[in-house]
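Participant: Here you go, one structure.
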Amino acid sequence: TPELIADALDGGKMHALVCNTAGGYGKTLGAAREINIWAQVRVVNRLLDNFVEGGVLVYLNSEAGHRYHIMDESEKELLGNYEVVARSKNESERYFRSRIPEFSEMGIRYGVVVANALEGTFVSRVLRKSHKHLISNWQDITPEGFFPVATDMAVAVGKVVRGSFPSGHTEYVGVRPEYQVYPSRISV
């Protein structure tokens, strides 16, 4: 929120920052990139100097966003209006991964939490109504065949923030190993 950012910029110190944005559904790729990449980059860049030594930057991504760069065209077509969100979220995650050496020099660890759309959110409600084929595909990707709930994500984010993992660690929430791009040492 603007108040939290103002507090941090006013001499406050941060232990963790969680980047949690997924916008642009049904919009242009440019609009999705503005939300999912550039707005996040601006916030992170403004707050980098306010991290404490050992602070953690956590990026939340969807399973589709996380894997977009290795999906074949038929998988991308299944995404429908979510395709621009998945593509821009993938670009954002990969951009922040490219900055791991810089973050490490500053004593900041970078971690990613990946899951499907959270049950009960706008995205899962819209997808259930308009993209039943996508819902079926995503349920095949999760071992239990359901979308995680907010508590599942909170537990995973807490593990990343409080855990001692190497920078670049990815925490998967309900995503089968064959769909995990980066090996996970800890599972939820």
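Chains: A, B, ... in order of the structure tokens. Residues: from 1 per chain. Ligands: from 1, in order shown.
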Would you kindly return, as a list in words, each protein, DNA or RNA residue with an atom no farther than 12 Å from any atom of Glu73 of chain A, considering only C-alpha atoms and excluding same-chain residues fewer than 6 positions away?
Facilitator: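 Once the nearby chain positions are removed, what remains is Leu79, Gly80 and Glu83 of chain A.
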Participant: Any idea what the distance is between atom CA of Glu34 of chain A and atom CA of Gly158 of chain A?
Facilitator: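 According to the coordinates, atom CA of Glu34 of chain A and atom CA of Gly158 of chain A are separated by 27.4 Å.
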Participant: Using only C-alpha atoms, which residue out of A:Ile37, A:Cys19, A:Ala150, A:Leu57 lies closest to Ser167 of chain A?
Facilitator: A:Leu57
Participant: To one decimal place in Å, what is the distance between atom CA of Arg97 of chain A and atom CA of Arg67 of chain A?
Facilitator: 14.0 Å
Participant: Would you mind reading off the distance between atom CA of Arg162 of chain A and atom CA of Val56 of chain A, one decimal, in Å?
Facilitator: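 Result for atom CA of Arg162 of chain A versus atom CA of Val56 of chain A: 8.8 Å, one decimal.
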Participant: Please provide as number ranges by chain all residues within 9 Å of Gly30 of chain A, with the sequence filter that same-chain residues fewer than 4 positions apart are discarded (counting only C-alpha atoms).
Facilitator: A: 24, 34-35, 84, 88
Participant: Go ahead and save the residues from that selection, with N, CA and C atoms, as a PDB file, in the first residue's frame.
Facilitator:
ATOM      1  N   GLY A  24      -4.338  -7.732 -15.836  1.00  0.00           N
ATOM      2  CA  GLY A  24      -4.302  -7.673 -17.279  1.00  0.00           C
ATOM      3  C   GLY A  24      -5.146  -8.723 -17.963  1.00  0.00           C
ATOM      4  N   GLU A  34       2.602  -3.706 -17.918  1.00  0.00           N
ATOM      5  CA  GLU A  34       2.656  -2.541 -17.024  1.00  0.00           C
ATOM      6  C   GLU A  34       2.331  -2.951 -15.591  1.00  0.00           C
ATOM      7  N   ILE A  35       1.328  -3.803 -15.425  1.00  0.00           N
ATOM      8  CA  ILE A  35       0.924  -4.247 -14.088  1.00  0.00           C
ATOM      9  C   ILE A  35       1.900  -5.269 -13.524  1.00  0.00           C
ATOM     10  N   VAL A  84      -1.961 -13.366 -21.730  1.00  0.00           N
ATOM     11  CA  VAL A  84      -1.130 -12.175 -21.555  1.00  0.00           C
ATOM     12  C   VAL A  84      -0.680 -12.023 -20.107  1.00  0.00           C
ATOM     13  N   SER A  88       3.323 -12.189 -19.162  1.00  0.00           N
ATOM     14  CA  SER A  88       3.951 -11.059 -18.470  1.00  0.00           C
ATOM     15  C   SER A  88       4.435 -11.458 -17.077  1.00  0.00           C
TER      16      SER A  88
END
Participant: Identify which of the residues A:Tyr172, A:Tyr25, A:Phe51, A:Phe165 lies closest to Lys13 of chain A, counting only C-alpha atoms when measuring atom-to-atom distances.
Facilitator: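 Looking only at the distances to Lys13 of chain A, the closest residue turns out to be A:Phe51.
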Participant: Could you pull out all residues of segment 33-122 of chain A with a DSSP call of strand (DSSP E or B) and give them as a PyMOL selection string?
Facilitator: chain A and resi 51-62+109-115
Participant: Find the residue from A:Leu78, A:Met153, A:Val181, A:Leu48 that sits nearest to Arg109 of chain A; use only C-alpha atoms when measuring.
Facilitator: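 Ranking A:Leu78, A:Met153, A:Val181, A:Leu48 by distance to Arg109 of chain A, first place goes to A:Leu48.
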Participant: Excluding same-chain residues fewer than 3 positions from Phe96 of chain A, what lies within 10 Å of it counting only C-alpha atoms, as a PyMOL selection string?
Facilitator: chain A and resi 37+40-41+44+57-59+91-93+99-100+102-103+110-112+168
Participant: Using the selection just defined, write its residues with N, CA and C atoms as a CSV table (one decimal), in the first residue's frame.
Facilitator:
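Saved to part.csv:
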chain,number,residue,atom,x,y,z
A,37,ILE,N,4.9,-6.4,-14.6
A,37,ILE,CA,6.4,-6.2,-14.6
A,37,ILE,C,6.8,-4.8,-14.1
A,40,GLN,N,5.8,-3.5,-10.6
A,40,GLN,CA,6.6,-4.3,-9.6
A,40,GLN,C,8.0,-3.8,-9.5
A,41,VAL,N,8.6,-3.7,-10.7
A,41,VAL,CA,10.0,-3.2,-10.8
A,41,VAL,C,10.2,-1.8,-10.1
A,44,VAL,N,10.0,-2.3,-6.3
A,44,VAL,CA,11.2,-3.0,-5.8
A,44,VAL,C,12.4,-2.0,-5.8
A,57,LEU,N,13.0,-10.9,-0.8
A,57,LEU,CA,12.0,-10.5,-1.8
A,57,LEU,C,11.3,-11.7,-2.3
A,58,VAL,N,10.0,-11.8,-2.2
A,58,VAL,CA,9.2,-13.0,-2.6
A,58,VAL,C,8.3,-12.6,-3.8
A,59,TYR,N,8.4,-13.4,-4.8
A,59,TYR,CA,7.6,-13.2,-6.0
A,59,TYR,C,6.5,-14.3,-6.1
A,91,GLU,N,7.7,-13.2,-17.7
A,91,GLU,CA,8.8,-12.2,-18.0
A,91,GLU,C,9.2,-11.5,-16.7
A,92,SER,N,8.3,-11.2,-15.8
A,92,SER,CA,8.6,-10.6,-14.5
A,92,SER,C,9.5,-11.5,-13.6
A,93,GLU,N,9.0,-12.7,-13.5
A,93,GLU,CA,9.8,-13.6,-12.6
A,93,GLU,C,11.2,-13.8,-13.2
A,99,ARG,N,18.3,-10.7,-11.7
A,99,ARG,CA,18.9,-9.7,-10.7
A,99,ARG,C,19.4,-10.4,-9.4
A,100,ILE,N,19.4,-11.7,-9.4
A,100,ILE,CA,19.8,-12.4,-8.1
A,100,ILE,C,21.2,-12.0,-7.7
A,102,GLU,N,22.8,-9.1,-8.1
A,102,GLU,CA,22.6,-7.8,-7.5
A,102,GLU,C,22.0,-7.9,-6.1
A,103,PHE,N,20.9,-8.6,-6.0
A,103,PHE,CA,20.2,-8.8,-4.7
A,103,PHE,C,21.2,-9.4,-3.7
A,110,TYR,N,16.2,-13.8,-2.9
A,110,TYR,CA,15.0,-13.8,-3.8
A,110,TYR,C,14.4,-15.2,-3.8
A,111,GLY,N,13.1,-15.3,-3.6
A,111,GLY,CA,12.4,-16.5,-3.6
A,111,GLY,C,11.1,-16.4,-4.4
A,112,VAL,N,10.6,-17.5,-4.9
A,112,VAL,CA,9.4,-17.5,-5.7
A,112,VAL,C,8.4,-18.5,-5.1
A,168,GLY,N,16.9,-17.6,-5.1
A,168,GLY,CA,16.4,-18.3,-6.3
A,168,GLY,C,15.5,-19.5,-6.0
Participant: Quick one: of A:Val114, A:Pro101, A:Asn90, A:Ser164, who's nearest to Glu63 of chain A, counting only C-alpha atoms?
Facilitator: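 For Glu63 of chain A, the nearest of the given residues is A:Val114.
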Participant: Hey, what's within 9 Å of Lys27 of chain A if we count only C-alpha atoms and toss same-chain stuff fewer than 5 positions away? As a PyMOL selection string, please?
Facilitator: chain A and resi 32+81+84-85
Participant: Could you list, as a PyMOL selection string, every residue within 12 Å of Ala154 of chain A, counting only C-alpha atoms and ignoring same-chain residues fewer than 4 positions away?
Facilitator: chain A and resi 18+20+58+60+113-115+118+148-150+158-162+171+173+188
